$ cat protein_13.pdb   # PDB, N, CA and C atoms, pLDDT in the B column
ATOM      1  N   MET M  24      19.942  32.300 -33.605  1.00 59.00           N
ATOM      2  CA  MET M  24      18.684  32.119 -34.284  1.00 59.00           C
ATOM      3  C   MET M  24      18.815  31.196 -35.490  1.00 59.00           C
ATOM      4  N   ILE M  25      19.951  31.246 -36.169  1.00 65.00           N
ATOM      5  CA  ILE M  25      20.129  30.458 -37.387  1.00 65.00           C
ATOM      6  C   ILE M  25      19.963  28.977 -37.115  1.00 65.00           C
ATOM      7  N   SER M  26      20.443  28.522 -35.988  1.00 73.00           N
ATOM      8  CA  SER M  26      20.373  27.096 -35.701  1.00 73.00           C
ATOM      9  C   SER M  26      19.174  26.724 -34.832  1.00 73.00           C
ATOM     10  N   HIS M  27      18.335  27.685 -34.506  1.00 78.00           N
ATOM     11  CA  HIS M  27      17.171  27.393 -33.679  1.00 78.00           C
ATOM     12  C   HIS M  27      16.187  26.513 -34.440  1.00 78.00           C
ATOM     13  N   GLU M  28      15.714  25.467 -33.783  1.00 84.00           N
ATOM     14  CA  GLU M  28      14.841  24.481 -34.409  1.00 84.00           C
ATOM     15  C   GLU M  28      13.567  25.099 -34.986  1.00 84.00           C
ATOM     16  N   GLN M  29      13.056  26.141 -34.348  1.00 84.00           N
ATOM     17  CA  GLN M  29      11.827  26.787 -34.797  1.00 84.00           C
ATOM     18  C   GLN M  29      11.966  27.378 -36.202  1.00 84.00           C
ATOM     19  N   PHE M  30      13.171  27.747 -36.591  1.00 86.00           N
ATOM     20  CA  PHE M  30      13.399  28.382 -37.883  1.00 86.00           C
ATOM     21  C   PHE M  30      14.046  27.452 -38.909  1.00 86.00           C
ATOM     22  N   ALA M  31      14.240  26.209 -38.553  1.00 88.00           N
ATOM     23  CA  ALA M  31      14.907  25.256 -39.444  1.00 88.00           C
ATOM     24  C   ALA M  31      14.182  25.111 -40.780  1.00 88.00           C
ATOM     25  N   TRP M  32      12.865  25.208 -40.761  1.00 90.00           N
ATOM     26  CA  TRP M  32      12.093  25.057 -42.004  1.00 90.00           C
ATOM     27  C   TRP M  32      12.427  26.139 -43.022  1.00 90.00           C
ATOM     28  N   LEU M  33      12.978  27.258 -42.586  1.00 90.00           N
ATOM     29  CA  LEU M  33      13.326  28.360 -43.493  1.00 90.00           C
ATOM     30  C   LEU M  33      14.659  28.166 -44.199  1.00 90.00           C
ATOM     31  N   HIS M  34      15.413  27.135 -43.852  1.00 92.00           N
ATOM     32  CA  HIS M  34      16.723  26.907 -44.469  1.00 92.00           C
ATOM     33  C   HIS M  34      16.621  26.743 -45.982  1.00 92.00           C
ATOM     34  N   ARG M  35      15.577  26.098 -46.460  1.00 91.00           N
ATOM     35  CA  ARG M  35      15.417  25.923 -47.917  1.00 91.00           C
ATOM     36  C   ARG M  35      15.276  27.275 -48.602  1.00 91.00           C
ATOM     37  N   LEU M  36      14.565  28.194 -47.964  1.00 93.00           N
ATOM     38  CA  LEU M  36      14.418  29.536 -48.522  1.00 93.00           C
ATOM     39  C   LEU M  36      15.755  30.268 -48.503  1.00 93.00           C
ATOM     40  N   SER M  37      16.483  30.147 -47.424  1.00 92.00           N
ATOM     41  CA  SER M  37      17.811  30.773 -47.330  1.00 92.00           C
ATOM     42  C   SER M  37      18.747  30.229 -48.395  1.00 92.00           C
ATOM     43  N   GLU M  38      18.700  28.925 -48.620  1.00 93.00           N
ATOM     44  CA  GLU M  38      19.550  28.311 -49.642  1.00 93.00           C
ATOM     45  C   GLU M  38      19.200  28.832 -51.036  1.00 93.00           C
ATOM     46  N   LEU M  39      17.919  29.024 -51.292  1.00 94.00           N
ATOM     47  CA  LEU M  39      17.500  29.555 -52.588  1.00 94.00           C
ATOM     48  C   LEU M  39      17.963  30.998 -52.765  1.00 94.00           C
ATOM     49  N   ILE M  40      17.891  31.784 -51.709  1.00 94.00           N
ATOM     50  CA  ILE M  40      18.361  33.172 -51.764  1.00 94.00           C
ATOM     51  C   ILE M  40      19.859  33.207 -52.041  1.00 94.00           C
ATOM     52  N   ILE M  41      20.618  32.335 -51.411  1.00 95.00           N
ATOM     53  CA  ILE M  41      22.062  32.254 -51.654  1.00 95.00           C
ATOM     54  C   ILE M  41      22.328  31.853 -53.101  1.00 95.00           C
ATOM     55  N   GLN M  42      21.560  30.898 -53.619  1.00 93.00           N
ATOM     56  CA  GLN M  42      21.709  30.463 -55.008  1.00 93.00           C
ATOM     57  C   GLN M  42      21.457  31.630 -55.970  1.00 93.00           C
ATOM     58  N   ILE M  43      20.437  32.423 -55.700  1.00 93.00           N
ATOM     59  CA  ILE M  43      20.133  33.590 -56.541  1.00 93.00           C
ATOM     60  C   ILE M  43      21.272  34.602 -56.453  1.00 93.00           C
ATOM     61  N   ASP M  44      21.745  34.855 -55.247  1.00 94.00           N
ATOM     62  CA  ASP M  44      22.834  35.807 -55.054  1.00 94.00           C
ATOM     63  C   ASP M  44      24.091  35.360 -55.788  1.00 94.00           C
ATOM     64  N   GLU M  45      24.416  34.087 -55.710  1.00 93.00           N
ATOM     65  CA  GLU M  45      25.594  33.561 -56.417  1.00 93.00           C
ATOM     66  C   GLU M  45      25.431  33.690 -57.922  1.00 93.00           C
ATOM     67  N   LEU M  46      24.244  33.444 -58.400  1.00 91.00           N
ATOM     68  CA  LEU M  46      23.966  33.569 -59.828  1.00 91.00           C
ATOM     69  C   LEU M  46      24.150  35.012 -60.294  1.00 91.00           C
ATOM     70  N   LEU M  47      23.663  35.945 -59.503  1.00 90.00           N
ATOM     71  CA  LEU M  47      23.766  37.363 -59.863  1.00 90.00           C
ATOM     72  C   LEU M  47      25.193  37.883 -59.806  1.00 90.00           C
ATOM     73  N   HIS M  48      26.020  37.273 -58.972  1.00 93.00           N
ATOM     74  CA  HIS M  48      27.392  37.738 -58.811  1.00 93.00           C
ATOM     75  C   HIS M  48      28.422  36.856 -59.529  1.00 93.00           C
ATOM     76  N   ALA M  49      27.962  35.936 -60.347  1.00 92.00           N
ATOM     77  CA  ALA M  49      28.875  35.059 -61.089  1.00 92.00           C
ATOM     78  C   ALA M  49      29.591  35.848 -62.184  1.00 92.00           C
ATOM     79  N   ASP M  50      30.767  35.389 -62.538  1.00 92.00           N
ATOM     80  CA  ASP M  50      31.550  36.049 -63.574  1.00 92.00           C
ATOM     81  C   ASP M  50      30.917  35.901 -64.957  1.00 92.00           C
ATOM     82  N   GLU M  51      30.318  34.758 -65.216  1.00 91.00           N
ATOM     83  CA  GLU M  51      29.685  34.541 -66.521  1.00 91.00           C
ATOM     84  C   GLU M  51      28.271  35.121 -66.518  1.00 91.00           C
ATOM     85  N   SER M  52      27.764  35.399 -67.713  1.00 91.00           N
ATOM     86  CA  SER M  52      26.426  35.969 -67.820  1.00 91.00           C
ATOM     87  C   SER M  52      25.372  34.915 -67.480  1.00 91.00           C
ATOM     88  N   VAL M  53      24.243  35.389 -67.041  1.00 89.00           N
ATOM     89  CA  VAL M  53      23.151  34.513 -66.649  1.00 89.00           C
ATOM     90  C   VAL M  53      22.416  34.052 -67.905  1.00 89.00           C
ATOM     91  N   THR M  54      22.260  32.759 -68.031  1.00 92.00           N
ATOM     92  CA  THR M  54      21.601  32.200 -69.208  1.00 92.00           C
ATOM     93  C   THR M  54      20.090  32.144 -68.991  1.00 92.00           C
ATOM     94  N   PRO M  55      19.339  32.126 -70.076  1.00 91.00           N
ATOM     95  CA  PRO M  55      17.885  31.959 -69.943  1.00 91.00           C
ATOM     96  C   PRO M  55      17.518  30.662 -69.214  1.00 91.00           C
ATOM     97  N   GLU M  56      18.311  29.619 -69.419  1.00 93.00           N
ATOM     98  CA  GLU M  56      18.059  28.349 -68.736  1.00 93.00           C
ATOM     99  C   GLU M  56      18.231  28.485 -67.218  1.00 93.00           C
ATOM    100  N   ALA M  57      19.237  29.244 -66.809  1.00 92.00           N
ATOM    101  CA  ALA M  57      19.463  29.453 -65.381  1.00 92.00           C
ATOM    102  C   ALA M  57      18.311  30.247 -64.772  1.00 92.00           C
ATOM    103  N   ILE M  58      17.828  31.230 -65.504  1.00 90.00           N
ATOM    104  CA  ILE M  58      16.693  32.024 -65.028  1.00 90.00           C
ATOM    105  C   ILE M  58      15.448  31.142 -64.908  1.00 90.00           C
ATOM    106  N   GLU M  59      15.215  30.312 -65.904  1.00 92.00           N
ATOM    107  CA  GLU M  59      14.066  29.400 -65.863  1.00 92.00           C
ATOM    108  C   GLU M  59      14.160  28.435 -64.689  1.00 92.00           C
ATOM    109  N   ALA M  60      15.367  27.951 -64.417  1.00 93.00           N
ATOM    110  CA  ALA M  60      15.555  27.017 -63.306  1.00 93.00           C
ATOM    111  C   ALA M  60      15.269  27.699 -61.969  1.00 93.00           C
ATOM    112  N   ILE M  61      15.779  28.908 -61.789  1.00 92.00           N
ATOM    113  CA  ILE M  61      15.532  29.652 -60.549  1.00 92.00           C
ATOM    114  C   ILE M  61      14.038  29.955 -60.418  1.00 92.00           C
ATOM    115  N   ASP M  62      13.427  30.383 -61.508  1.00 92.00           N
ATOM    116  CA  ASP M  62      11.998  30.680 -61.512  1.00 92.00           C
ATOM    117  C   ASP M  62      11.209  29.441 -61.061  1.00 92.00           C
ATOM    118  N   SER M  63      11.554  28.308 -61.611  1.00 93.00           N
ATOM    119  CA  SER M  63      10.882  27.060 -61.254  1.00 93.00           C
ATOM    120  C   SER M  63      11.105  26.711 -59.788  1.00 93.00           C
ATOM    121  N   ASP M  64      12.337  26.876 -59.315  1.00 94.00           N
ATOM    122  CA  ASP M  64      12.650  26.585 -57.916  1.00 94.00           C
ATOM    123  C   ASP M  64      11.854  27.490 -56.974  1.00 94.00           C
ATOM    124  N   ILE M  65      11.748  28.765 -57.327  1.00 94.00           N
ATOM    125  CA  ILE M  65      10.995  29.708 -56.494  1.00 94.00           C
ATOM    126  C   ILE M  65       9.524  29.315 -56.458  1.00 94.00           C
ATOM    127  N   ARG M  66       8.960  29.068 -57.629  1.00 93.00           N
ATOM    128  CA  ARG M  66       7.539  28.700 -57.693  1.00 93.00           C
ATOM    129  C   ARG M  66       7.259  27.402 -56.931  1.00 93.00           C
ATOM    130  N   THR M  67       8.154  26.445 -57.049  1.00 94.00           N
ATOM    131  CA  THR M  67       7.974  25.180 -56.345  1.00 94.00           C
ATOM    132  C   THR M  67       8.042  25.392 -54.836  1.00 94.00           C
ATOM    133  N   LEU M  68       9.052  26.122 -54.390  1.00 95.00           N
ATOM    134  CA  LEU M  68       9.222  26.335 -52.960  1.00 95.00           C
ATOM    135  C   LEU M  68       8.068  27.141 -52.378  1.00 95.00           C
ATOM    136  N   LEU M  69       7.624  28.168 -53.095  1.00 95.00           N
ATOM    137  CA  LEU M  69       6.585  29.048 -52.577  1.00 95.00           C
ATOM    138  C   LEU M  69       5.183  28.589 -52.976  1.00 95.00           C
ATOM    139  N   SER M  70       4.993  27.297 -52.968  1.00 94.00           N
ATOM    140  CA  SER M  70       3.682  26.714 -53.228  1.00 94.00           C
ATOM    141  C   SER M  70       3.135  26.167 -51.912  1.00 94.00           C
ATOM    142  N   PRO M  71       2.262  26.936 -51.272  1.00 94.00           N
ATOM    143  CA  PRO M  71       1.726  26.475 -49.994  1.00 94.00           C
ATOM    144  C   PRO M  71       0.892  25.213 -50.180  1.00 94.00           C
ATOM    145  N   ASP M  72       0.987  24.316 -49.216  1.00 95.00           N
ATOM    146  CA  ASP M  72       0.236  23.063 -49.300  1.00 95.00           C
ATOM    147  C   ASP M  72       0.061  22.527 -47.887  1.00 95.00           C
ATOM    148  N   GLU M  73      -1.172  22.488 -47.434  1.00 93.00           N
ATOM    149  CA  GLU M  73      -1.412  22.044 -46.066  1.00 93.00           C
ATOM    150  C   GLU M  73      -1.119  20.568 -45.844  1.00 93.00           C
ATOM    151  N   SER M  74      -0.909  19.819 -46.915  1.00 94.00           N
ATOM    152  CA  SER M  74      -0.548  18.406 -46.762  1.00 94.00           C
ATOM    153  C   SER M  74       0.783  18.090 -47.443  1.00 94.00           C
ATOM    154  N   GLY M  75       1.581  19.128 -47.715  1.00 93.00           N
ATOM    155  CA  GLY M  75       2.862  18.933 -48.382  1.00 93.00           C
ATOM    156  C   GLY M  75       3.987  18.672 -47.403  1.00 93.00           C
ATOM    157  N   ASP M  76       5.203  18.989 -47.844  1.00 93.00           N
ATOM    158  CA  ASP M  76       6.358  18.823 -46.961  1.00 93.00           C
ATOM    159  C   ASP M  76       6.338  19.899 -45.876  1.00 93.00           C
ATOM    160  N   GLU M  77       7.308  19.859 -44.984  1.00 93.00           N
ATOM    161  CA  GLU M  77       7.333  20.773 -43.840  1.00 93.00           C
ATOM    162  C   GLU M  77       7.292  22.239 -44.278  1.00 93.00           C
ATOM    163  N   PHE M  78       8.104  22.595 -45.273  1.00 94.00           N
ATOM    164  CA  PHE M  78       8.118  23.984 -45.710  1.00 94.00           C
ATOM    165  C   PHE M  78       6.752  24.390 -46.248  1.00 94.00           C
ATOM    166  N   ALA M  79       6.174  23.581 -47.116  1.00 95.00           N
ATOM    167  CA  ALA M  79       4.887  23.905 -47.739  1.00 95.00           C
ATOM    168  C   ALA M  79       3.793  24.065 -46.687  1.00 95.00           C
ATOM    169  N   MET M  80       3.800  23.216 -45.692  1.00 95.00           N
ATOM    170  CA  MET M  80       2.781  23.305 -44.641  1.00 95.00           C
ATOM    171  C   MET M  80       2.966  24.560 -43.787  1.00 95.00           C
ATOM    172  N   LYS M  81       4.202  24.833 -43.399  1.00 95.00           N
ATOM    173  CA  LYS M  81       4.445  26.009 -42.558  1.00 95.00           C
ATOM    174  C   LYS M  81       4.252  27.297 -43.356  1.00 95.00           C
ATOM    175  N   TYR M  82       4.603  27.267 -44.634  1.00 95.00           N
ATOM    176  CA  TYR M  82       4.379  28.427 -45.490  1.00 95.00           C
ATOM    177  C   TYR M  82       2.876  28.668 -45.632  1.00 95.00           C
ATOM    178  N   ASN M  83       2.114  27.620 -45.792  1.00 96.00           N
ATOM    179  CA  ASN M  83       0.660  27.721 -45.873  1.00 96.00           C
ATOM    180  C   ASN M  83       0.100  28.339 -44.585  1.00 96.00           C
ATOM    181  N   THR M  84       0.581  27.874 -43.449  1.00 96.00           N
ATOM    182  CA  THR M  84       0.139  28.420 -42.167  1.00 96.00           C
ATOM    183  C   THR M  84       0.482  29.900 -42.059  1.00 96.00           C
ATOM    184  N   ALA M  85       1.683  30.272 -42.475  1.00 95.00           N
ATOM    185  CA  ALA M  85       2.084  31.683 -42.430  1.00 95.00           C
ATOM    186  C   ALA M  85       1.178  32.532 -43.309  1.00 95.00           C
ATOM    187  N   LEU M  86       0.827  32.028 -44.482  1.00 96.00           N
ATOM    188  CA  LEU M  86      -0.081  32.756 -45.369  1.00 96.00           C
ATOM    189  C   LEU M  86      -1.462  32.910 -44.741  1.00 96.00           C
ATOM    190  N   GLN M  87      -1.903  31.914 -44.009  1.00 96.00           N
ATOM    191  CA  GLN M  87      -3.218  31.966 -43.377  1.00 96.00           C
ATOM    192  C   GLN M  87      -3.255  32.916 -42.181  1.00 96.00           C
ATOM    193  N   ARG M  88      -2.131  33.077 -41.519  1.00 97.00           N
ATOM    194  CA  ARG M  88      -2.106  33.835 -40.262  1.00 97.00           C
ATOM    195  C   ARG M  88      -1.594  35.265 -40.378  1.00 97.00           C
ATOM    196  N   HIS M  89      -0.798  35.543 -41.415  1.00 97.00           N
ATOM    197  CA  HIS M  89      -0.114  36.835 -41.451  1.00 97.00           C
ATOM    198  C   HIS M  89      -0.343  37.558 -42.779  1.00 97.00           C
ATOM    199  N   PRO M  90      -1.115  38.638 -42.768  1.00 97.00           N
ATOM    200  CA  PRO M  90      -1.372  39.387 -44.001  1.00 97.00           C
ATOM    201  C   PRO M  90      -0.100  39.880 -44.693  1.00 97.00           C
ATOM    202  N   ASP M  91       0.927  40.202 -43.921  1.00 97.00           N
ATOM    203  CA  ASP M  91       2.181  40.664 -44.530  1.00 97.00           C
ATOM    204  C   ASP M  91       2.821  39.575 -45.384  1.00 97.00           C
ATOM    205  N   VAL M  92       2.669  38.317 -44.979  1.00 96.00           N
ATOM    206  CA  VAL M  92       3.204  37.210 -45.766  1.00 96.00           C
ATOM    207  C   VAL M  92       2.433  37.095 -47.082  1.00 96.00           C
ATOM    208  N   VAL M  93       1.124  37.290 -47.010  1.00 97.00           N
ATOM    209  CA  VAL M  93       0.300  37.258 -48.221  1.00 97.00           C
ATOM    210  C   VAL M  93       0.751  38.347 -49.196  1.00 97.00           C
ATOM    211  N   LEU M  94       0.977  39.536 -48.690  1.00 97.00           N
ATOM    212  CA  LEU M  94       1.399  40.650 -49.544  1.00 97.00           C
ATOM    213  C   LEU M  94       2.787  40.404 -50.140  1.00 97.00           C
ATOM    214  N   ALA M  95       3.704  39.887 -49.343  1.00 96.00           N
ATOM    215  CA  ALA M  95       5.041  39.582 -49.853  1.00 96.00           C
ATOM    216  C   ALA M  95       4.972  38.477 -50.902  1.00 96.00           C
ATOM    217  N   HIS M  96       4.155  37.472 -50.651  1.00 96.00           N
ATOM    218  CA  HIS M  96       3.976  36.381 -51.611  1.00 96.00           C
ATOM    219  C   HIS M  96       3.432  36.931 -52.929  1.00 96.00           C
ATOM    220  N   ALA M  97       2.445  37.798 -52.849  1.00 96.00           N
ATOM    221  CA  ALA M  97       1.870  38.401 -54.057  1.00 96.00           C
ATOM    222  C   ALA M  97       2.920  39.208 -54.813  1.00 96.00           C
ATOM    223  N   ASP M  98       3.763  39.932 -54.101  1.00 96.00           N
ATOM    224  CA  ASP M  98       4.831  40.710 -54.750  1.00 96.00           C
ATOM    225  C   ASP M  98       5.797  39.800 -55.503  1.00 96.00           C
ATOM    226  N   VAL M  99       6.195  38.702 -54.880  1.00 94.00           N
ATOM    227  CA  VAL M  99       7.116  37.768 -55.527  1.00 94.00           C
ATOM    228  C   VAL M  99       6.473  37.157 -56.768  1.00 94.00           C
ATOM    229  N   MET M 100       5.238  36.728 -56.636  1.00 93.00           N
ATOM    230  CA  MET M 100       4.553  36.116 -57.783  1.00 93.00           C
ATOM    231  C   MET M 100       4.379  37.126 -58.922  1.00 93.00           C
ATOM    232  N   MET M 101       4.130  38.386 -58.583  1.00 94.00           N
ATOM    233  CA  MET M 101       4.006  39.422 -59.603  1.00 94.00           C
ATOM    234  C   MET M 101       5.341  39.636 -60.313  1.00 94.00           C
ATOM    235  N   LEU M 102       6.422  39.625 -59.561  1.00 91.00           N
ATOM    236  CA  LEU M 102       7.749  39.760 -60.171  1.00 91.00           C
ATOM    237  C   LEU M 102       8.059  38.597 -61.098  1.00 91.00           C
ATOM    238  N   LEU M 103       7.654  37.408 -60.703  1.00 89.00           N
ATOM    239  CA  LEU M 103       7.929  36.233 -61.531  1.00 89.00           C
ATOM    240  C   LEU M 103       7.145  36.257 -62.854  1.00 89.00           C
ATOM    241  N   THR M 104       6.024  36.933 -62.866  1.00 89.00           N
ATOM    242  CA  THR M 104       5.224  36.984 -64.085  1.00 89.00           C
ATOM    243  C   THR M 104       5.474  38.247 -64.903  1.00 89.00           C
ATOM    244  N   SER M 105       6.297  39.158 -64.374  1.00 83.00           N
ATOM    245  CA  SER M 105       6.572  40.392 -65.103  1.00 83.00           C
ATOM    246  C   SER M 105       7.624  40.147 -66.197  1.00 83.00           C
ATOM    247  N   ASP M 106       7.696  41.061 -67.121  1.00 61.00           N
ATOM    248  CA  ASP M 106       8.677  40.981 -68.198  1.00 61.00           C
ATOM    249  C   ASP M 106      10.057  41.444 -67.774  1.00 61.00           C
ATOM    250  N   SER M 107      10.184  41.902 -66.525  1.00 51.00           N
ATOM    251  CA  SER M 107      11.469  42.445 -66.079  1.00 51.00           C
ATOM    252  C   SER M 107      12.468  41.374 -65.668  1.00 51.00           C
ATOM    253  N   ILE M 108      12.050  40.129 -65.637  1.00 48.00           N
ATOM    254  CA  ILE M 108      12.973  39.049 -65.247  1.00 48.00           C
ATOM    255  C   ILE M 108      13.839  38.661 -66.410  1.00 48.00           C
TER     256      ILE M 108
END
$ encode --input "protein_13.pdb" --output "structure tokens"
Amino acid sequence: MISHEQFAWLHRLSELIIQIDELLHADESVTPEAIEAIDSDIRTLLSPDESGDEFAMKYNTALQRHPDVVLAHADVMMLLTSDSI
């Protein structure tokens, strides 16, 4: 499944998840700048756009077709705006 063409558009999301995981498991403490950079990367990636790049278009389609994606998107956006980050 990882190399299946149908899921290739999700690689950017997988790479971001790996980046977050590496940041959380790094030996040095996480800086506010690193948190801001990840926050920005997440917001940029999870910006649906019907005329954007492949990820943005497919993400937009997923939001339009699947209520669970809408709910997950709302959860992520709520976490990004909470004081717990």
$ select_by_dssp --input "protein_13.pdb" --residues "chain M" --states "helix (DSSP H, G or I)" --output "ChimeraX atom specification"
/M:28-47,55-68,77-88,90-104
$ residues_around --input "protein_13.pdb" --residues "range 80-87 of chain M" --least-positions-apart "6" --cutoff "12 Å" --atoms "only C-alpha atoms" --output "list in words"
Gln29, Phe30, Ala31, Trp32, Leu33, Arg35, Leu36, Thr67, Leu68, Leu69, Ser70, Pro71, Asp72, Glu73, Ser74, Val93, Leu94, Ala95, His96 and Ala97 of chain M
$ residues_around --input "protein_13.pdb" --residues "Leu39 in chain M" --least-positions-apart "6" --cutoff "9 Å" --atoms "only C-alpha atoms" --output "ChimeraX atom specification"
/M:61,64-65,68
$ atom_distance --input "protein_13.pdb" --atom1 "atom N of Pro90 in chain M" --atom2 "atom N of Ser63 in chain M"
24.9 Å
$ axis_aligned_box --input "protein_13.pdb" --around "range 62-77 of chain M" --padding-each-side "3 Å" --output "lines of an AutoDock Vina configuration file"
center_x = 6.0
center_y = 24.4
center_z = -52.7
size_x = 20.8
size_y = 18.6
size_z = 23.8
